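*Asks:* Next comes model_39.pdb, PDB, C-alpha atoms:
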MODEL        1
ATOM      1  CA  LEU A  30     -16.456   6.219  14.409
ATOM      2  CA  ASP A  31     -16.409   2.846  12.739
ATOM      3  CA  LEU A  32     -16.194   1.079   9.410
ATOM      4  CA  PRO A  33     -19.114   1.891   7.059
ATOM      5  CA  GLN A  34     -20.483  -1.669   7.205
ATOM      6  CA  VAL A  35     -20.411  -1.652  11.009
ATOM      7  CA  VAL A  36     -22.138   1.740  11.191
ATOM      8  CA  GLU A  37     -24.860   0.459   8.857
ATOM      9  CA  ALA A  38     -25.406  -2.613  11.053
ATOM     10  CA  LYS A  39     -25.467  -0.544  14.260
ATOM     11  CA  GLU A  40     -27.978   1.886  12.743
ATOM     12  CA  LYS A  41     -30.281  -1.033  12.000
ATOM     13  CA  LEU A  42     -29.939  -2.376  15.542
ATOM     14  CA  LEU A  43     -30.399   1.011  17.222
ATOM     15  CA  GLY A  44     -33.017   2.374  14.839
ATOM     16  CA  PRO A  45     -36.813   2.618  15.036
ATOM     17  CA  LYS A  46     -37.463  -0.706  13.299
ATOM     18  CA  ARG A  47     -35.665  -2.768  15.906
ATOM     19  CA  LEU A  48     -34.593  -1.262  19.230
ATOM     20  CA  LEU A  49     -37.286   1.402  19.569
ATOM     21  CA  ARG A  50     -40.028  -0.995  18.467
ATOM     22  CA  ARG A  51     -38.924  -3.439  21.170
ATOM     23  CA  ARG A  52     -38.058  -0.819  23.793
ATOM     24  CA  PRO A  53     -40.321   2.227  23.221
ATOM     25  CA  ALA A  54     -39.290   3.690  26.591
ATOM     26  CA  LEU A  55     -35.901   4.477  25.028
ATOM     27  CA  SER A  56     -37.396   6.829  22.429
ATOM     28  CA  ASN A  57     -36.578   9.920  24.511
ATOM     29  CA  LEU A  58     -32.920   8.997  24.926
ATOM     30  CA  LYS A  59     -30.169  10.575  22.872
ATOM     31  CA  MET A  60     -28.739   7.685  20.906
ATOM     32  CA  PRO A  61     -25.041   7.669  19.996
ATOM     33  CA  ASP A  62     -23.944   9.426  16.839
ATOM     34  CA  LEU A  63     -22.510   6.904  14.405
ATOM     35  CA  LEU A  64     -19.938   8.094  11.891
ATOM     36  CA  ALA A  65     -18.588   5.955   9.087
ATOM     37  CA  ALA A  66     -14.917   6.106   8.145
ATOM     38  CA  ASP A  67     -12.536   4.205   5.911
ATOM     39  CA  PHE A  68      -9.760   3.593   8.431
ATOM     40  CA  ASN A  69      -7.267   2.983   5.610
ATOM     41  CA  ASP A  70      -7.685   6.681   4.707
ATOM     42  CA  VAL A  71      -5.743   8.045   7.674
ATOM     43  CA  GLU A  72      -6.006  11.707   6.608
ATOM     44  CA  ALA A  73      -9.805  11.478   6.336
ATOM     45  CA  VAL A  74      -9.954   9.865   9.788
ATOM     46  CA  LYS A  75      -7.819  12.703  11.163
ATOM     47  CA  VAL A  76     -10.232  15.305   9.748
ATOM     48  CA  ILE A  77     -13.261  13.515  11.218
ATOM     49  CA  LEU A  78     -11.617  13.127  14.636
ATOM     50  CA  ARG A  79     -10.570  16.766  14.727
ATOM     51  CA  ASP A  80     -14.089  17.848  13.773
ATOM     52  CA  VAL A  81     -15.727  15.670  16.433
ATOM     53  CA  LEU A  82     -13.281  16.618  19.188
ATOM     54  CA  THR A  83     -13.359  20.364  18.516
ATOM     55  CA  SER A  84     -17.098  20.731  17.945
ATOM     56  CA  ALA A  85     -18.397  22.977  20.742
ATOM     57  CA  ASN A  86     -21.989  21.883  20.201
ATOM     58  CA  GLY A  87     -21.510  18.198  19.567
ATOM     59  CA  ILE A  88     -21.611  16.329  16.300
ATOM     60  CA  GLY A  89     -23.446  18.071  13.494
ATOM     61  CA  GLY A  90     -23.904  21.290  15.439
ATOM     62  CA  GLU A  91     -26.404  19.637  17.768
ATOM     63  CA  LYS A  92     -26.670  21.068  21.279
ATOM     64  CA  THR A  93     -25.150  18.852  23.926
ATOM     65  CA  THR A  94     -27.081  20.400  26.820
ATOM     66  CA  GLU A  95     -30.753  20.651  26.028
ATOM     67  CA  GLY A  96     -32.353  23.871  27.240
ATOM     68  CA  ASP A  97     -29.173  25.254  28.796
ATOM     69  CA  ASP A  98     -28.308  28.060  26.361
ATOM     70  CA  ASP A  99     -26.382  29.935  29.058
ATOM     71  CA  ILE A 100     -23.927  27.063  29.714
ATOM     72  CA  ASP A 101     -20.460  27.790  28.390
ATOM     73  CA  SER A 102     -19.562  24.546  26.606
ATOM     74  CA  SER A 103     -15.866  25.502  26.563
ATOM     75  CA  CYS A 104     -15.727  24.961  30.341
ATOM     76  CA  CYS A 105     -16.251  21.239  29.965
ATOM     77  CA  LYS A 106     -13.515  18.995  28.606
ATOM     78  CA  TRP A 107     -14.098  15.387  27.736
ATOM     79  CA  HIS A 108     -11.797  12.488  28.414
ATOM     80  CA  THR A 109     -11.849  10.587  25.147
ATOM     81  CA  ILE A 110     -11.513   6.813  25.182
ATOM     82  CA  PHE A 111     -10.469   5.212  21.898
ATOM     83  CA  ILE A 112     -11.327   1.529  21.563
ATOM     84  CA  PHE A 113      -9.615  -0.597  18.940
ATOM     85  CA  GLU A 114     -11.169  -4.042  18.885
ATOM     86  CA  GLY A 115     -10.218  -6.412  16.088
ATOM     87  CA  VAL A 116      -9.984  -3.740  13.392
ATOM     88  CA  MET A 117      -6.218  -3.297  12.927
ATOM     89  CA  ILE A 118      -5.980  -6.885  11.707
ATOM     90  CA  TYR A 119      -7.782  -5.900   8.504
ATOM     91  CA  LEU A 120      -6.037  -2.622   7.714
ATOM     92  CA  ASP A 121      -3.337  -1.973   5.144
ATOM     93  CA  GLU A 122       0.313  -2.146   6.191
ATOM     94  CA  GLY A 123       1.411   0.966   8.084
ATOM     95  CA  VAL A 124      -2.152   2.099   8.819
ATOM     96  CA  PRO A 125      -2.533   0.655  12.348
ATOM     97  CA  SER A 126       0.524   2.569  13.605
ATOM     98  CA  SER A 127      -0.622   5.701  11.773
ATOM     99  CA  LEU A 128      -4.062   5.516  13.415
ATOM    100  CA  LEU A 129      -2.500   5.215  16.859
ATOM    101  CA  ASN A 130      -0.422   8.285  16.057
ATOM    102  CA  VAL A 131      -3.380  10.245  14.666
ATOM    103  CA  THR A 132      -5.532   9.584  17.724
ATOM    104  CA  SER A 133      -2.842  10.797  20.132
ATOM    105  CA  SER A 134      -1.771  13.777  18.017
ATOM    106  CA  VAL A 135      -5.336  15.062  17.526
ATOM    107  CA  LEU A 136      -5.965  14.844  21.286
ATOM    108  CA  LYS A 137      -2.765  16.810  21.972
ATOM    109  CA  GLU A 138      -3.570  19.331  19.241
ATOM    110  CA  CYS A 139      -7.007  19.905  20.826
ATOM    111  CA  ASN A 140      -5.522  20.012  24.335
ATOM    112  CA  LEU A 141      -7.671  17.088  25.464
ATOM    113  CA  SER A 142      -7.012  14.034  27.592
ATOM    114  CA  GLY A 143      -7.529  10.508  26.402
ATOM    115  CA  SER A 144      -7.035   6.804  26.854
ATOM    116  CA  LEU A 145      -6.658   3.854  24.540
ATOM    117  CA  CYS A 146      -8.190   0.427  25.142
ATOM    118  CA  PHE A 147      -7.317  -2.270  22.664
ATOM    119  CA  ALA A 148      -7.962  -5.908  21.869
ATOM    120  CA  ASP A 149      -6.279  -6.067  18.509
ATOM    121  CA  ARG A 150      -2.966  -6.791  16.825
ATOM    122  CA  LEU A 151      -0.464  -3.974  17.116
ATOM    123  CA  GLU A 152       1.826  -3.499  14.164
ATOM    124  CA  ASN A 153       5.540  -4.214  14.652
ATOM    125  CA  VAL A 154       4.834  -6.423  17.675
ATOM    126  CA  PRO A 155       5.298 -10.147  17.061
ATOM    127  CA  GLU A 156       3.558 -12.510  19.468
ATOM    128  CA  GLY A 157       3.009 -10.888  22.880
ATOM    129  CA  ASP A 158       6.341  -9.098  23.279
ATOM    130  CA  PHE A 159       5.832  -6.565  26.089
ATOM    131  CA  GLU A 160       8.853  -4.367  25.292
ATOM    132  CA  LEU A 161       7.978  -4.103  21.590
ATOM    133  CA  GLY A 162       4.340  -3.346  22.463
ATOM    134  CA  LYS A 163       5.457  -0.631  24.852
ATOM    135  CA  GLU A 164       7.765   0.878  22.201
ATOM    136  CA  GLU A 165       5.106   0.746  19.449
ATOM    137  CA  LEU A 166       2.661   2.642  21.633
ATOM    138  CA  LYS A 167       5.300   5.120  22.850
ATOM    139  CA  ARG A 168       6.367   5.850  19.251
ATOM    140  CA  ASN A 169       2.750   6.728  18.504
ATOM    141  CA  GLY A 170       2.019   8.962  21.494
ATOM    142  CA  TRP A 171       0.712   6.491  24.077
ATOM    143  CA  HIS A 172       2.029   5.288  27.444
ATOM    144  CA  LEU A 173       1.285   1.610  28.057
ATOM    145  CA  LYS A 174      -0.361   0.976  31.436
ATOM    146  CA  THR A 175      -1.672  -2.601  31.116
ATOM    147  CA  TRP A 176      -0.513  -5.367  28.756
ATOM    148  CA  LEU A 177      -2.452  -8.627  28.442
ATOM    149  CA  PRO A 178      -1.358 -10.654  25.400
ATOM    150  CA  LYS A 179      -3.307 -13.755  24.389
ATOM    151  CA  PRO A 180      -3.344 -16.316  21.576
ATOM    152  CA  GLY A 181      -5.241 -15.510  18.385
ATOM    153  CA  LEU A 182      -5.399 -12.793  15.741
ATOM    154  CA  ALA A 183      -6.349  -9.970  18.120
ATOM    155  CA  ARG A 184      -3.506 -11.023  20.404
ATOM    156  CA  HIS A 185      -2.656  -7.712  22.058
ATOM    157  CA  MET A 186      -4.946  -6.435  24.773
ATOM    158  CA  GLY A 187      -4.295  -3.526  27.050
ATOM    159  CA  TYR A 188      -4.778   0.006  28.177
ATOM    160  CA  ALA A 189      -2.648   3.086  27.495
ATOM    161  CA  SER A 190      -2.844   6.726  28.500
ATOM    162  CA  LEU A 191      -1.988   9.705  26.369
ATOM    163  CA  SER A 192       1.743  10.368  26.609
ATOM    164  CA  MET A 193       2.548  13.979  27.378
ATOM    165  CA  LEU A 194       6.042  13.545  25.923
ATOM    166  CA  ASN A 195       6.559  14.453  22.259
TER     167      ASN A 195
ENDMDL
END
In structure tokens, write the structure found in this file.

*Replies:*
Amino acid sequence: LDLPQVVEAKEKLLGPKRLLRRRPALSNLKMPDLLAADFNDVEAVKVILRDVLTSANGIGGEKTTEGDDDIDSSCCKWHTIFIFEGVMIYLDEGVPSSLLNVTSSVLKECNLSGSLCFADRLENVPEGDFELGKEELKRNGWHLKTWLPKPGLARHMGYASLSMLN
């Protein structure tokens, strides 16, 4: 799930005109599914995330286990890792916090586990303030595990786990 322009660029890099022409041995591999989303439209992102995370057969109804029709896909639960890298900087006010909340709430709604890795700028956290970063993540359903602030626009780096507290 990424911005439409990024998805378009990744499709060019991973498509038959570039990657597969240079690395034909990769033609039998299942390439990642790329989905475009306007991150400023939080409700649309929520719908896409819910659809992806609850799809029993993978994105677009595609089978996730080739040739294994007798495998019960409900027995396998994924640990979802959300990566925010330099995208929150460009979003409308209020959206970065809302996206953090949507990612955690959809995981909880689907009864799934998840983690958050970020190298971005968290909203409501000036400079590299650890306590404010911890509170921002907690307010949005995440438990901060690692905090590594740095200079620059994407000044907040870290790792958080899904908070089981509501």

*Asks:* Excluding segment 176-182 of chain A and residues on its chain fewer than 5 positions from it, collect all residues at most 9 Å away from it, counting all atoms listed in the file, and give them as a PDB file with C-alpha atoms, keeping the file's coordinate frame.

*Replies:*
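Everything below was put into out38.pdb:
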ATOM      1  CA  GLY A 115     -10.218  -6.412  16.088  1.00  0.00           C
ATOM      2  CA  ILE A 118      -5.980  -6.885  11.707  1.00  0.00           C
ATOM      3  CA  ALA A 148      -7.962  -5.908  21.869  1.00  0.00           C
ATOM      4  CA  ASP A 149      -6.279  -6.067  18.509  1.00  0.00           C
ATOM      5  CA  ARG A 150      -2.966  -6.791  16.825  1.00  0.00           C
ATOM      6  CA  GLU A 156       3.558 -12.510  19.468  1.00  0.00           C
ATOM      7  CA  GLY A 157       3.009 -10.888  22.880  1.00  0.00           C
ATOM      8  CA  ASP A 158       6.341  -9.098  23.279  1.00  0.00           C
ATOM      9  CA  PHE A 159       5.832  -6.565  26.089  1.00  0.00           C
ATOM     10  CA  GLY A 162       4.340  -3.346  22.463  1.00  0.00           C
ATOM     11  CA  LYS A 163       5.457  -0.631  24.852  1.00  0.00           C
ATOM     12  CA  GLY A 187      -4.295  -3.526  27.050  1.00  0.00           C
ATOM     13  CA  TYR A 188      -4.778   0.006  28.177  1.00  0.00           C
ATOM     14  CA  ALA A 189      -2.648   3.086  27.495  1.00  0.00           C
TER      15      ALA A 189
END

*Asks:* Pick out the closest residue to Lys75 of chain A from this set: A:Pro155, A:Val131, A:Phe147, A:Thr175. Count only C-alpha atoms.

*Replies:*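 So, comparing all the options, the nearest one is A:Val131.
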
*Asks:* Can you spell out as a JSON list (two decimals) with C-alpha atoms, keeping the file's coordinate frame the set of residues that the PyMOL selection byres ((chain A and resi 133) around 10) selects in the structure I just provided?

*Replies:*
[["chain", "number", "residue", "atom", "x", "y", "z"],
["A", 111, "PHE", "CA", -10.47, 5.21, 21.90],
["A", 128, "LEU", "CA", -4.06, 5.52, 13.42],
["A", 129, "LEU", "CA", -2.50, 5.22, 16.86],
["A", 130, "ASN", "CA", -0.42, 8.28, 16.06],
["A", 131, "VAL", "CA", -3.38, 10.24, 14.67],
["A", 132, "THR", "CA", -5.53, 9.58, 17.72],
["A", 134, "SER", "CA", -1.77, 13.78, 18.02],
["A", 135, "VAL", "CA", -5.34, 15.06, 17.53],
["A", 136, "LEU", "CA", -5.96, 14.84, 21.29],
["A", 137, "LYS", "CA", -2.76, 16.81, 21.97],
["A", 138, "GLU", "CA", -3.57, 19.33, 19.24],
["A", 141, "LEU", "CA", -7.67, 17.09, 25.46],
["A", 142, "SER", "CA", -7.01, 14.03, 27.59],
["A", 143, "GLY", "CA", -7.53, 10.51, 26.40],
["A", 144, "SER", "CA", -7.04, 6.80, 26.85],
["A", 145, "LEU", "CA", -6.66, 3.85, 24.54],
["A", 166, "LEU", "CA", 2.66, 2.64, 21.63],
["A", 169, "ASN", "CA", 2.75, 6.73, 18.50],
["A", 170, "GLY", "CA", 2.02, 8.96, 21.49],
["A", 171, "TRP", "CA", 0.71, 6.49, 24.08],
["A", 190, "SER", "CA", -2.84, 6.73, 28.50],
["A", 191, "LEU", "CA", -1.99, 9.70, 26.37],
["A", 192, "SER", "CA", 1.74, 10.37, 26.61],
["A", 193, "MET", "CA", 2.55, 13.98, 27.38]]

*Asks:* Using all atoms listed in the file, which residue out of A:Arg168, A:Leu78, A:His185, A:Leu120 lies closest to Cys146 of chain A?

*Replies:*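 Result for the nearest residue to Cys146 of chain A: A:His185.
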
*Asks:* If I take atom CA of Glu37 of chain A and atom CA of Ile77 of chain A, how far is one from the other in Å, to one decimal?

*Replies:*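 If I compute the distance from atom CA of Glu37 of chain A to atom CA of Ile77 of chain A, I get 17.6 Å.
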
*Asks:* Would you mind listing what lies within 10 Å of Gln34 of chain A as a ChimeraX atom specification, with all atoms listed in the file counted and same-chain residues fewer than 3 positions away left out?

*Replies:* /A:31,37-40,65-67

*Asks:* Neighbouring residues of segment 42-44 of chain A were defined as those with any atom within 10 Å, considering all atoms listed in the file; residues of the same chain fewer than 5 positions away were excluded. Please report them as JSON, numbers by chain.

*Replies:* {"A": [36, 37, 49, 50, 56, 60, 61]}

*Asks:* Quick one: write out the picked residues with C-alpha atoms as a JSON list (two decimals), in the coordinates of the input?

*Replies:*
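Final output, result_17.json:
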[["chain", "number", "residue", "atom", "x", "y", "z"],
["A", 36, "VAL", "CA", -22.14, 1.74, 11.19],
["A", 37, "GLU", "CA", -24.86, 0.46, 8.86],
["A", 49, "LEU", "CA", -37.29, 1.40, 19.57],
["A", 50, "ARG", "CA", -40.03, -1.00, 18.47],
["A", 56, "SER", "CA", -37.40, 6.83, 22.43],
["A", 60, "MET", "CA", -28.74, 7.68, 20.91],
["A", 61, "PRO", "CA", -25.04, 7.67, 20.00]]

*Asks:* In Å, with one decimal, what is the gap from atom CA of Thr109 of chain A to atom CA of Leu82 of chain A?

*Replies:*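 Going from atom CA of Thr109 of chain A over to atom CA of Leu82 of chain A, I get 8.6 Å.
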
*Asks:* Given the choices A:Leu32, A:Leu173, A:Val76, A:Val71, which gets closest to Pro125 of chain A if the distance is worked out from all atoms listed in the file?

*Replies:*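 Nearest candidate to Pro125 of chain A out of A:Leu32, A:Leu173, A:Val76, A:Val71: A:Val71.
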
*Asks:* Kindly compute an axis-aligned box around the listed atoms of segment 52-58 of chain A, allowing 5 Å on each side, and express its centre and edge lengths in Å to one decimal as AutoDock Vina command-line options.

*Replies:*
--center_x -36.6 --center_y 4.6 --center_z 24.5 --size_x 17.4 --size_y 20.7 --size_z 14.2

*Asks:* How many Å lie between atom CA of Asp70 of chain A and atom CA of Ser84 of chain A, rounded to one decimal?

*Replies:*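 Atom-to-atom, atom CA of Asp70 of chain A to atom CA of Ser84 of chain A, that is 21.5 Å.
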
*Asks:* Counting all atoms listed in the file, which of A:Val124, A:Leu30, A:Ala54, A:Ile112 gets nearest to Asp80 of chain A?

*Replies:*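 Checking each candidate against Asp80 of chain A, we get A:Leu30 as the closest.
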
*Asks:* Closest to Met117 of chain A among A:Cys139, A:Leu63, A:Ala183, A:Val35, using only C-alpha atoms?

*Replies:*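 When distances to Met117 of chain A are compared using only C-alpha atoms, the smallest one comes from A:Ala183.
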